[in-house]
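Engineer: Dropping in input-v4.pdb, with PDB, C-alpha atoms, pLDDT in the B column.
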ATOM      1  CA  MET V1493       0.000   0.000   0.000  1.00 79.00           C
ATOM      2  CA  TRP V1494       2.740   2.427   1.016  1.00 82.00           C
ATOM      3  CA  ILE V1495       4.676   1.567  -2.121  1.00 85.00           C
ATOM      4  CA  LEU V1496       1.694   2.599  -4.274  1.00 84.00           C
ATOM      5  CA  ILE V1497       1.200   5.811  -2.312  1.00 88.00           C
ATOM      6  CA  LEU V1498       4.910   6.615  -2.693  1.00 90.00           C
ATOM      7  CA  PHE V1499       4.801   5.849  -6.440  1.00 85.00           C
ATOM      8  CA  PHE V1500       1.765   8.052  -7.090  1.00 86.00           C
ATOM      9  CA  GLY V1501       3.156  10.832  -4.906  1.00 91.00           C
ATOM     10  CA  MET V1502       6.596  10.816  -6.530  1.00 94.00           C
ATOM     11  CA  SER V1503       5.222  10.552 -10.071  1.00 94.00           C
ATOM     12  CA  ILE V1504       2.822  13.473  -9.600  1.00 95.00           C
ATOM     13  CA  LEU V1505       5.575  15.529  -7.936  1.00 95.00           C
ATOM     14  CA  SER V1506       7.964  14.758 -10.821  1.00 95.00           C
ATOM     15  CA  VAL V1507       5.424  15.906 -13.408  1.00 97.00           C
ATOM     16  CA  ILE V1508       4.815  19.133 -11.482  1.00 97.00           C
ATOM     17  CA  VAL V1509       8.577  19.792 -11.144  1.00 96.00           C
ATOM     18  CA  TYR V1510       9.167  19.156 -14.859  1.00 96.00           C
ATOM     19  CA  LYS V1511       6.427  21.635 -15.676  1.00 96.00           C
ATOM     20  CA  TYR V1512       8.788  24.414 -14.592  1.00 96.00           C
ATOM     21  CA  PHE V1513      12.354  23.079 -14.787  1.00 96.00           C
ATOM     22  CA  PRO V1514      14.477  21.878 -17.739  1.00 96.00           C
ATOM     23  CA  VAL V1515      14.978  18.141 -18.244  1.00 95.00           C
ATOM     24  CA  TYR V1516      18.702  17.422 -18.463  1.00 95.00           C
ATOM     25  CA  VAL V1517      18.669  13.618 -18.490  1.00 95.00           C
ATOM     26  CA  THR V1518      16.109  10.889 -19.244  1.00 96.00           C
ATOM     27  CA  PRO V1519      16.004   7.118 -18.691  1.00 94.00           C
ATOM     28  CA  LEU V1520      16.544   6.557 -22.442  1.00 94.00           C
ATOM     29  CA  MET V1521      19.796   8.539 -22.380  1.00 95.00           C
ATOM     30  CA  ILE V1522      21.091   6.397 -19.516  1.00 95.00           C
ATOM     31  CA  ILE V1523      19.974   3.169 -21.220  1.00 95.00           C
ATOM     32  CA  ARG V1524      21.682   4.126 -24.503  1.00 95.00           C
ATOM     33  CA  CYS V1525      24.910   4.983 -22.667  1.00 95.00           C
ATOM     34  CA  TYR V1526      24.825   1.580 -20.975  1.00 94.00           C
ATOM     35  CA  GLU V1527      24.249  -0.109 -24.357  1.00 94.00           C
ATOM     36  CA  GLN V1528      27.208   1.761 -25.848  1.00 94.00           C
ATOM     37  CA  ILE V1529      29.523   0.651 -23.022  1.00 93.00           C
ATOM     38  CA  LYS V1530      28.194  -2.922 -23.198  1.00 92.00           C
ATOM     39  CA  ASN V1531      28.862  -3.042 -26.962  1.00 92.00           C
ATOM     40  CA  GLY V1532      32.347  -1.602 -26.563  1.00 91.00           C
ATOM     41  CA  GLU V1533      31.421   1.597 -28.370  1.00 92.00           C
ATOM     42  CA  LYS V1534      32.685   5.081 -27.641  1.00 92.00           C
ATOM     43  CA  LEU V1535      30.390   6.838 -25.187  1.00 93.00           C
ATOM     44  CA  LYS V1536      28.313   9.494 -26.930  1.00 94.00           C
ATOM     45  CA  LEU V1537      25.655  11.683 -25.326  1.00 96.00           C
ATOM     46  CA  LYS V1538      24.892  15.049 -26.881  1.00 96.00           C
ATOM     47  CA  HIS V1539      22.064  17.044 -25.352  1.00 97.00           C
ATOM     48  CA  GLU V1540      21.460  20.691 -24.543  1.00 97.00           C
ATOM     49  CA  TRP V1541      18.171  22.055 -23.241  1.00 98.00           C
ATOM     50  CA  LYS V1542      16.648  24.981 -25.125  1.00 97.00           C
ATOM     51  CA  ASP V1543      13.439  26.804 -24.240  1.00 97.00           C
ATOM     52  CA  LEU V1544      10.802  26.736 -26.965  1.00 97.00           C
ATOM     53  CA  ASP V1545      11.419  30.384 -27.887  1.00 96.00           C
ATOM     54  CA  LYS V1546      15.098  29.511 -28.493  1.00 97.00           C
ATOM     55  CA  ILE V1547      14.121  26.865 -31.072  1.00 98.00           C
ATOM     56  CA  SER V1548      13.255  27.599 -34.708  1.00 98.00           C
ATOM     57  CA  GLU V1549       9.558  28.424 -35.076  1.00 97.00           C
ATOM     58  CA  HIS V1550       9.428  25.825 -37.875  1.00 98.00           C
ATOM     59  CA  MET V1551      10.440  22.893 -35.658  1.00 98.00           C
ATOM     60  CA  PRO V1552       7.230  22.481 -33.615  1.00 98.00           C
ATOM     61  CA  VAL V1553       5.210  22.831 -36.816  1.00 98.00           C
ATOM     62  CA  ALA V1554       7.329  20.146 -38.521  1.00 98.00           C
ATOM     63  CA  VAL V1555       6.819  17.531 -35.796  1.00 98.00           C
ATOM     64  CA  TRP V1556       3.162  18.548 -35.411  1.00 98.00           C
ATOM     65  CA  ALA V1557       2.717  17.952 -39.152  1.00 97.00           C
ATOM     66  CA  SER V1558       4.670  14.697 -39.274  1.00 96.00           C
ATOM     67  CA  GLU V1559       3.968  13.010 -35.948  1.00 96.00           C
ATOM     68  CA  ASP V1560       0.566  14.070 -34.617  1.00 96.00           C
ATOM     69  CA  GLN V1561      -1.689  16.495 -36.488  1.00 96.00           C
ATOM     70  CA  SER V1562      -4.411  16.066 -33.846  1.00 95.00           C
ATOM     71  CA  PHE V1563      -1.979  17.130 -31.096  1.00 96.00           C
ATOM     72  CA  ILE V1564      -3.638  20.446 -30.243  1.00 95.00           C
ATOM     73  CA  TYR V1565      -7.118  18.855 -30.138  1.00 94.00           C
ATOM     74  CA  HIS V1566      -6.771  15.619 -28.172  1.00 93.00           C
ATOM     75  CA  ASN V1567      -6.191  15.063 -24.459  1.00 93.00           C
ATOM     76  CA  GLY V1568      -3.198  12.802 -24.931  1.00 91.00           C
ATOM     77  CA  PHE V1569      -4.701  10.012 -27.043  1.00 91.00           C
ATOM     78  CA  ASP V1570      -5.804  10.049 -30.683  1.00 84.00           C
ATOM     79  CA  THR V1571      -8.757   7.652 -30.643  1.00 80.00           C
ATOM     80  CA  LYS V1572      -9.179   7.747 -34.434  1.00 79.00           C
ATOM     81  CA  ALA V1573      -5.535   6.816 -35.006  1.00 68.00           C
ATOM     82  CA  ILE V1574      -5.818   3.998 -32.446  1.00 70.00           C
ATOM     83  CA  GLU V1575      -8.937   2.634 -34.175  1.00 67.00           C
ATOM     84  CA  GLN V1576      -7.228   2.791 -37.576  1.00 70.00           C
ATOM     85  CA  ALA V1577      -4.133   1.031 -36.203  1.00 61.00           C
ATOM     86  CA  LEU V1578      -6.282  -1.752 -34.717  1.00 63.00           C
ATOM     87  CA  GLU V1579      -8.194  -2.165 -37.989  1.00 63.00           C
ATOM     88  CA  GLU V1580      -4.945  -2.345 -39.967  1.00 61.00           C
ATOM     89  CA  ARG V1581      -3.560  -4.925 -37.577  1.00 56.00           C
ATOM     90  CA  GLU V1582      -6.724  -7.024 -37.891  1.00 62.00           C
ATOM     91  CA  LYS V1583      -6.874  -6.817 -41.700  1.00 63.00           C
ATOM     92  CA  ARG V1584      -3.194  -6.975 -42.621  1.00 62.00           C
ATOM     93  CA  GLY V1585      -1.540  -8.282 -39.472  1.00 56.00           C
ATOM     94  CA  ARG V1586       0.672  -5.211 -39.434  1.00 51.00           C
ATOM     95  CA  VAL V1587       1.267  -3.096 -36.355  1.00 53.00           C
ATOM     96  CA  ARG V1588       1.204   0.637 -37.056  1.00 48.00           C
ATOM     97  CA  GLY V1589       2.159   3.172 -34.406  1.00 58.00           C
ATOM     98  CA  ALA V1590      -0.565   5.438 -33.073  1.00 67.00           C
ATOM     99  CA  SER V1591       1.344   7.213 -30.302  1.00 90.00           C
ATOM    100  CA  THR V1592       0.724  10.916 -29.907  1.00 96.00           C
ATOM    101  CA  ILE V1593       3.347  13.543 -29.122  1.00 97.00           C
ATOM    102  CA  SER V1594       2.031  13.509 -25.533  1.00 97.00           C
ATOM    103  CA  GLN V1595       2.521   9.738 -25.263  1.00 96.00           C
ATOM    104  CA  GLN V1596       6.000   9.930 -26.771  1.00 95.00           C
ATOM    105  CA  THR V1597       6.911  12.690 -24.317  1.00 97.00           C
ATOM    106  CA  ALA V1598       5.678  10.608 -21.376  1.00 96.00           C
ATOM    107  CA  LYS V1599       7.687   7.611 -22.602  1.00 95.00           C
ATOM    108  CA  ASN V1600      10.854   9.640 -23.304  1.00 93.00           C
ATOM    109  CA  LEU V1601      10.749  11.388 -19.949  1.00 95.00           C
ATOM    110  CA  PHE V1602       9.805   8.625 -17.523  1.00 94.00           C
ATOM    111  CA  LEU V1603      10.030   5.190 -19.159  1.00 92.00           C
ATOM    112  CA  TRP V1604      12.126   2.788 -21.225  1.00 87.00           C
ATOM    113  CA  PRO V1605      12.061   2.091 -25.006  1.00 86.00           C
ATOM    114  CA  GLU V1606      11.150  -1.632 -25.121  1.00 81.00           C
ATOM    115  CA  SER V1607       7.453  -2.270 -25.641  1.00 81.00           C
ATOM    116  CA  SER V1608       5.503  -4.243 -23.036  1.00 86.00           C
ATOM    117  CA  TRP V1609       2.080  -4.126 -21.404  1.00 90.00           C
ATOM    118  CA  THR V1610       3.649  -2.761 -18.215  1.00 90.00           C
ATOM    119  CA  ARG V1611       5.303   0.085 -20.087  1.00 91.00           C
ATOM    120  CA  LYS V1612       2.147   0.795 -22.092  1.00 92.00           C
ATOM    121  CA  CYS V1613       0.057   1.045 -18.915  1.00 93.00           C
ATOM    122  CA  LEU V1614       2.602   3.373 -17.317  1.00 94.00           C
ATOM    123  CA  GLU V1615       2.730   5.385 -20.549  1.00 96.00           C
ATOM    124  CA  VAL V1616      -1.034   5.904 -20.370  1.00 96.00           C
ATOM    125  CA  TYR V1617      -0.740   6.956 -16.718  1.00 96.00           C
ATOM    126  CA  PHE V1618       2.059   9.478 -17.302  1.00 97.00           C
ATOM    127  CA  THR V1619       0.343  10.808 -20.451  1.00 97.00           C
ATOM    128  CA  ILE V1620      -2.778  11.562 -18.418  1.00 97.00           C
ATOM    129  CA  LEU V1621      -0.624  13.321 -15.814  1.00 97.00           C
ATOM    130  CA  ILE V1622       1.272  15.587 -18.213  1.00 97.00           C
ATOM    131  CA  GLU V1623      -1.931  16.479 -20.064  1.00 97.00           C
ATOM    132  CA  ALA V1624      -3.515  17.381 -16.723  1.00 96.00           C
ATOM    133  CA  PHE V1625      -0.636  19.517 -15.414  1.00 97.00           C
ATOM    134  CA  TRP V1626       1.056  20.911 -18.553  1.00 97.00           C
ATOM    135  CA  ASP V1627      -0.193  22.969 -21.475  1.00 96.00           C
ATOM    136  CA  LYS V1628       0.485  21.982 -25.094  1.00 97.00           C
ATOM    137  CA  HIS V1629       3.448  24.357 -25.421  1.00 97.00           C
ATOM    138  CA  ARG V1630       5.189  22.745 -22.450  1.00 98.00           C
ATOM    139  CA  ILE V1631       4.566  19.260 -23.831  1.00 98.00           C
ATOM    140  CA  MET V1632       6.010  20.328 -27.175  1.00 98.00           C
ATOM    141  CA  GLU V1633       8.993  22.000 -25.472  1.00 98.00           C
ATOM    142  CA  VAL V1634       9.899  18.882 -23.478  1.00 98.00           C
ATOM    143  CA  TYR V1635       9.293  16.649 -26.510  1.00 98.00           C
ATOM    144  CA  LEU V1636      11.656  18.665 -28.717  1.00 98.00           C
ATOM    145  CA  ASN V1637      14.323  18.613 -26.013  1.00 98.00           C
ATOM    146  CA  SER V1638      14.126  14.950 -25.003  1.00 96.00           C
ATOM    147  CA  ILE V1639      13.429  13.000 -28.191  1.00 95.00           C
ATOM    148  CA  GLU V1640      16.156  10.761 -29.618  1.00 96.00           C
ATOM    149  CA  MET V1641      17.361  12.226 -32.928  1.00 94.00           C
ATOM    150  CA  GLY V1642      20.291   9.990 -33.770  1.00 93.00           C
ATOM    151  CA  ASN V1643      22.935   7.800 -32.159  1.00 93.00           C
ATOM    152  CA  GLY V1644      23.740   9.575 -28.875  1.00 95.00           C
ATOM    153  CA  ILE V1645      21.876  12.706 -30.013  1.00 97.00           C
ATOM    154  CA  TYR V1646      18.902  13.990 -28.018  1.00 97.00           C
ATOM    155  CA  GLY V1647      16.857  17.089 -28.670  1.00 97.00           C
ATOM    156  CA  VAL V1648      16.762  19.736 -31.372  1.00 98.00           C
ATOM    157  CA  GLU V1649      19.784  21.757 -30.222  1.00 98.00           C
ATOM    158  CA  ALA V1650      22.055  18.707 -30.288  1.00 97.00           C
ATOM    159  CA  VAL V1651      20.944  17.543 -33.741  1.00 97.00           C
ATOM    160  CA  ALA V1652      21.211  21.083 -35.135  1.00 98.00           C
ATOM    161  CA  ARG V1653      24.804  21.390 -33.876  1.00 97.00           C
ATOM    162  CA  GLU V1654      25.799  17.861 -34.910  1.00 96.00           C
ATOM    163  CA  ASN V1655      24.215  17.685 -38.375  1.00 96.00           C
ATOM    164  CA  PHE V1656      23.851  21.293 -39.558  1.00 97.00           C
ATOM    165  CA  GLY V1657      26.496  23.236 -37.640  1.00 96.00           C
ATOM    166  CA  CYS V1658      24.024  25.789 -36.305  1.00 97.00           C
ATOM    167  CA  SER V1659      21.845  26.415 -33.259  1.00 97.00           C
ATOM    168  CA  ALA V1660      18.259  25.159 -32.997  1.00 98.00           C
ATOM    169  CA  LYS V1661      17.084  28.755 -33.363  1.00 98.00           C
ATOM    170  CA  ASP V1662      18.725  29.055 -36.807  1.00 98.00           C
ATOM    171  CA  LEU V1663      17.294  25.903 -38.386  1.00 98.00           C
ATOM    172  CA  THR V1664      15.484  26.541 -41.671  1.00 97.00           C
ATOM    173  CA  LYS V1665      12.046  25.207 -42.532  1.00 98.00           C
ATOM    174  CA  GLN V1666      13.618  22.608 -44.847  1.00 97.00           C
ATOM    175  CA  GLN V1667      16.056  21.452 -42.161  1.00 97.00           C
ATOM    176  CA  CYS V1668      13.263  21.154 -39.598  1.00 98.00           C
ATOM    177  CA  ALA V1669      11.205  19.047 -42.002  1.00 98.00           C
ATOM    178  CA  LEU V1670      14.243  16.838 -42.650  1.00 97.00           C
ATOM    179  CA  ILE V1671      14.802  16.336 -38.919  1.00 97.00           C
ATOM    180  CA  ALA V1672      11.114  15.473 -38.481  1.00 97.00           C
ATOM    181  CA  ALA V1673      11.448  12.961 -41.315  1.00 96.00           C
ATOM    182  CA  THR V1674      13.896  10.912 -39.211  1.00 95.00           C
ATOM    183  CA  LEU V1675      11.607  10.502 -36.218  1.00 93.00           C
ATOM    184  CA  PRO V1676       9.926   7.222 -37.157  1.00 86.00           C
ATOM    185  CA  ASN V1677      13.371   5.663 -36.618  1.00 92.00           C
ATOM    186  CA  PRO V1678      16.210   8.122 -35.834  1.00 93.00           C
ATOM    187  CA  LEU V1679      18.732   5.296 -35.421  1.00 92.00           C
ATOM    188  CA  VAL V1680      18.162   4.261 -39.049  1.00 93.00           C
ATOM    189  CA  TYR V1681      17.414   7.587 -40.751  1.00 94.00           C
ATOM    190  CA  SER V1682      19.814  10.510 -40.467  1.00 93.00           C
ATOM    191  CA  SER V1683      19.240  14.157 -41.335  1.00 94.00           C
ATOM    192  CA  ALA V1684      23.012  14.391 -41.930  1.00 92.00           C
ATOM    193  CA  SER V1685      22.895  11.930 -44.845  1.00 91.00           C
ATOM    194  CA  PRO V1686      19.309  11.827 -46.153  1.00 93.00           C
ATOM    195  CA  SER V1687      18.101   9.040 -48.422  1.00 92.00           C
ATOM    196  CA  LYS V1688      15.643   9.388 -51.319  1.00 94.00           C
ATOM    197  CA  TYR V1689      12.901   8.209 -48.978  1.00 94.00           C
ATOM    198  CA  MET V1690      13.771  10.954 -46.492  1.00 94.00           C
ATOM    199  CA  TYR V1691      13.674  13.661 -49.155  1.00 96.00           C
ATOM    200  CA  SER V1692      10.262  12.440 -50.299  1.00 96.00           C
ATOM    201  CA  ARG V1693       9.058  12.440 -46.697  1.00 97.00           C
ATOM    202  CA  GLN V1694      10.537  15.932 -46.204  1.00 97.00           C
ATOM    203  CA  LYS V1695       8.519  17.128 -49.201  1.00 97.00           C
ATOM    204  CA  TRP V1696       5.334  15.627 -47.741  1.00 98.00           C
ATOM    205  CA  ILE V1697       6.012  17.201 -44.329  1.00 98.00           C
ATOM    206  CA  LEU V1698       6.574  20.648 -45.888  1.00 98.00           C
ATOM    207  CA  GLN V1699       3.206  20.330 -47.640  1.00 98.00           C
ATOM    208  CA  GLN V1700       1.524  19.352 -44.373  1.00 98.00           C
ATOM    209  CA  MET V1701       3.184  22.307 -42.638  1.00 98.00           C
ATOM    210  CA  ARG V1702       1.665  24.626 -45.250  1.00 97.00           C
ATOM    211  CA  ASN V1703      -1.724  22.994 -44.705  1.00 97.00           C
ATOM    212  CA  LEU V1704      -1.410  23.687 -40.983  1.00 96.00           C
ATOM    213  CA  GLY V1705      -0.588  27.344 -41.599  1.00 95.00           C
ATOM    214  CA  ASN V1706       3.214  27.162 -41.118  1.00 95.00           C
ATOM    215  CA  GLN V1707       2.861  28.329 -37.525  1.00 95.00           C
ATOM    216  CA  PHE V1708       2.369  26.591 -34.199  1.00 97.00           C
ATOM    217  CA  PRO V1709      -0.609  28.283 -32.499  1.00 96.00           C
ATOM    218  CA  SER V1710      -0.458  30.091 -29.173  1.00 95.00           C
ATOM    219  CA  GLU V1711      -2.209  28.590 -26.138  1.00 94.00           C
ATOM    220  CA  GLU V1712      -5.106  31.032 -26.647  1.00 94.00           C
ATOM    221  CA  GLU V1713      -5.469  29.973 -30.277  1.00 95.00           C
ATOM    222  CA  ILE V1714      -5.315  26.316 -29.259  1.00 95.00           C
ATOM    223  CA  GLU V1715      -8.173  26.840 -26.816  1.00 94.00           C
ATOM    224  CA  GLU V1716     -10.217  28.609 -29.492  1.00 93.00           C
ATOM    225  CA  ARG V1717      -9.625  25.799 -31.999  1.00 92.00           C
ATOM    226  CA  ARG V1718     -10.498  23.149 -29.420  1.00 91.00           C
ATOM    227  CA  GLU V1719     -13.732  24.948 -28.619  1.00 91.00           C
ATOM    228  CA  LYS V1720     -14.653  25.161 -32.312  1.00 89.00           C
ATOM    229  CA  GLU V1721     -13.860  21.462 -32.715  1.00 87.00           C
ATOM    230  CA  ARG V1722     -16.053  20.635 -29.715  1.00 87.00           C
ATOM    231  CA  LEU V1723     -18.973  22.627 -31.148  1.00 88.00           C
ATOM    232  CA  ILE V1724     -18.604  20.882 -34.523  1.00 85.00           C
ATOM    233  CA  ARG V1725     -18.683  17.465 -32.824  1.00 85.00           C
ATOM    234  CA  GLU V1726     -21.779  18.449 -30.841  1.00 83.00           C
ATOM    235  CA  ARG V1727     -23.567  19.570 -34.008  1.00 85.00           C
ATOM    236  CA  GLU V1728     -22.668  16.285 -35.721  1.00 82.00           C
ATOM    237  CA  LYS V1729     -24.013  14.301 -32.767  1.00 79.00           C
ATOM    238  CA  GLU V1730     -27.219  16.348 -32.843  1.00 76.00           C
ATOM    239  CA  LYS V1731     -27.636  15.651 -36.575  1.00 77.00           C
ATOM    240  CA  ASN V1732     -27.105  11.924 -36.013  1.00 76.00           C
ATOM    241  CA  ARG V1733     -29.793  11.907 -33.316  1.00 73.00           C
ATOM    242  CA  GLN V1734     -32.243  13.476 -35.739  1.00 69.00           C
TER
END
Starting from the file, lay out its structure as structure tokens.

Structural biologist:
Amino acid sequence: MWILILFFGMSILSVIVYKYFPVYVTPLMIIRCYEQIKNGEKLKLKHEWKDLDKISEHMPVAVWASEDQSFIYHNGFDTKAIEQALEEREKRGRVRGASTISQQTAKNLFLWPESSWTRKCLEVYFTILIEAFWDKHRIMEVYLNSIEMGNGIYGVEAVARENFGCSAKDLTKQQCALIAATLPNPLVYSSASPSKYMYSRQKWILQQMRNLGNQFPSEEEIEERREKERLIREREKEKNRQ
């Protein structure tokens, strides 16, 4: 009983603390360092926290466009994407990811990379917590600073320095789209040496960014859009009843 109370207390406290303070290290960073040592590789860990206003304005739009276009509307889980993933698995036997930016942030910040039911349950729990305590800008800020972006590279500042020789603030729209194109598997795809597939994905992401308005909305605009979306859903439900 006391173990559960301690777990819930510490987890809630951690989420509240990370709402205000930078995240300098995550479990994934430690795990990757251990794997490097175990495999006899040279230790590599490049990470530097940058506030959202010190990151190119194109970067949040790029990952919003590529990873989770429902990000500003959902409360941590994209039910439509989950339903589509389940249908695809049933029809084709193929597992397609349906994790939102919020879920990925929860996993990156508190959990480990290997998939299991235990981790999935904890991921749901921590996703609910960060959605309850943080706003969308904070979730995006932590996501962009903690996500793995290459071998030993974590966060936008590190990948900008390593692959483009500039700061995260100076990344161009094209570079941001290229970085976003690696995120399905940053250990396979590299923005430093893009493949044909990556350039085609970059092109698609740039188009999606234009469709989204090329700008990540403010918290006030997010609230307005969510309210409009809620009203639209209510009208649709009313029509279906009739």

Engineer: Would you kindly return, as a short mmCIF file (atom, residue, chain, number, x, y, z; two decimals) with C-alpha atoms, in the frame of the given file, each protein, DNA or RNA residue with an atom no farther than 9 Å from any atom of segment 1672-1681 of chain V, considering all atoms listed in the file and excluding same-chain residues fewer than 2 positions away?

Structural biologist:
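What ended up in result-v6.cif:
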data_model
loop_
_atom_site.label_atom_id
_atom_site.label_comp_id
_atom_site.auth_asym_id
_atom_site.auth_seq_id
_atom_site.Cartn_x
_atom_site.Cartn_y
_atom_site.Cartn_z
CA MET V 1551 10.44 22.89 -35.66
CA ALA V 1554 7.33 20.15 -38.52
CA VAL V 1555 6.82 17.53 -35.80
CA ALA V 1557 2.72 17.95 -39.15
CA SER V 1558 4.67 14.70 -39.27
CA GLU V 1559 3.97 13.01 -35.95
CA ILE V 1639 13.43 13.00 -28.19
CA GLU V 1640 16.16 10.76 -29.62
CA MET V 1641 17.36 12.23 -32.93
CA GLY V 1642 20.29 9.99 -33.77
CA ASN V 1643 22.94 7.80 -32.16
CA GLN V 1667 16.06 21.45 -42.16
CA CYS V 1668 13.26 21.15 -39.60
CA ALA V 1669 11.20 19.05 -42.00
CA LEU V 1670 14.24 16.84 -42.65
CA SER V 1683 19.24 14.16 -41.34
CA ALA V 1684 23.01 14.39 -41.93
CA SER V 1685 22.90 11.93 -44.84
CA PRO V 1686 19.31 11.83 -46.15
CA SER V 1687 18.10 9.04 -48.42
CA MET V 1690 13.77 10.95 -46.49
CA TYR V 1691 13.67 13.66 -49.16
CA ARG V 1693 9.06 12.44 -46.70
CA GLN V 1694 10.54 15.93 -46.20
CA ILE V 1697 6.01 17.20 -44.33
#

Engineer: Write out as an MDAnalysis selection string which residues come within 7 Å of Val1553 of chain V when counting only C-alpha atoms, dropping same-chain ones fewer than 4 positions away.

Structural biologist: chainID V and resid 1557 1701 1706:1708

Engineer: Spell out the residues picked by the PyMOL selection byres ((chain V and resi 1592) around 10) here, as a list in words.

Structural biologist: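 Expected selection for the PyMOL selection byres ((chain V and resi 1592) around 10) here is Trp1556, Glu1559, Asp1560, Gln1561, Ser1562, Phe1563, His1566, Asn1567, Gly1568, Phe1569, Asp1570, Ala1573, Ile1574, Gly1589, Ala1590, Ser1591, Ile1593, Ser1594, Gln1595, Gln1596, Thr1597, Ala1598 and Thr1619 of chain V.
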
Engineer: In terms of the shortest atom-to-atom distance over only C-alpha atoms, which of V:Arg1722, V:Leu1601, V:Lys1688, V:Asp1545 is closest to Asp1662 of chain V?

Structural biologist: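 Using only C-alpha atoms, Asp1662 of chain V sits closest to V:Asp1545.
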
Engineer: One decimal, in Å: what's the spacing between atom CA of Leu1505 of chain V and atom CA of Glu1606 of chain V?

Structural biologist: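 Answer for the atom CA of Leu1505 of chain V to atom CA of Glu1606 of chain V separation: 24.9 Å.
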
Engineer: Out of V:Ile1547, V:Leu1614, V:Ile1564, V:Ile1622, which residue has the shortest atom-to-atom distance to Lys1665 of chain V when counting all atoms listed in the file?

Structural biologist: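 Of all the options, V:Ile1547 lies closest to Lys1665 of chain V.
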
Engineer: Could you tell me, as a ChimeraX atom specification, exactly which residues end up selected when the PyMOL selection byres ((chain V and resi 1506) around 12) is applied to this structure?

Structural biologist: /V:1498-1505,1507-1515,1598,1601-1602,1618,1621-1622,1625

Engineer: For the contact check between segment 1529-1641 of chain V and segment 1646-1651 of chain V, emit one row per residue of segment 1529-1641 of chain V within 7 Å, containing the shortest atom pair and the distance in Å rounded to one decimal, counting only C-alpha atoms, chain then rising number order, as CSV.

Structural biologist:
residue,atom,partner,partner_atom,distance
V:Lys1538,CA,V:Ala1650,CA,5.7
V:His1539,CA,V:Tyr1646,CA,5.1
V:Glu1540,CA,V:Glu1649,CA,6.0
V:Lys1542,CA,V:Glu1649,CA,6.8
V:Leu1636,CA,V:Gly1647,CA,5.4
V:Asn1637,CA,V:Gly1647,CA,4.0
V:Ser1638,CA,V:Gly1647,CA,5.0
V:Ile1639,CA,V:Gly1647,CA,5.4
V:Glu1640,CA,V:Tyr1646,CA,4.5
V:Met1641,CA,V:Tyr1646,CA,5.4

Engineer: Work out how far atom CA of Arg1630 of chain V is from atom CA of Trp1604 of chain V, in Å to one decimal.

Structural biologist: 21.2 Å

Engineer: Just the number, please: distance in Å from atom CA of Gln1666 of chain V to atom CA of Glu1549 of chain V, one decimal.

Structural biologist: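 Calculated distance between atom CA of Gln1666 of chain V and atom CA of Glu1549 of chain V is 12.1 Å.
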
Engineer: Which one is closest to Glu1721 of chain V: V:Ala1624, V:Phe1656, V:Leu1537, V:Tyr1565? Count only C-alpha atoms.

Structural biologist: V:Tyr1565

Engineer: With distances taken over only C-alpha atoms, which residue among V:Leu1723, V:Asp1543, V:Ser1692, V:Val1616 lies nearest Tyr1635 of chain V?

Structural biologist: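 Looking at the shortest contact to Tyr1635 of chain V, the residue is V:Asp1543.
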
Engineer: Go through V:Arg1727, V:Arg1718, V:Lys1536, V:Lys1530 and flag the residue nearest Lys1628 of chain V, using all atoms listed in the file for the distances.

Structural biologist: V:Arg1718

Engineer: Between V:Ile1671, V:Leu1544, V:Ile1522, V:Ile1620, single out the one closest to Leu1603 of chain V, counting only C-alpha atoms.

Structural biologist: V:Ile1522
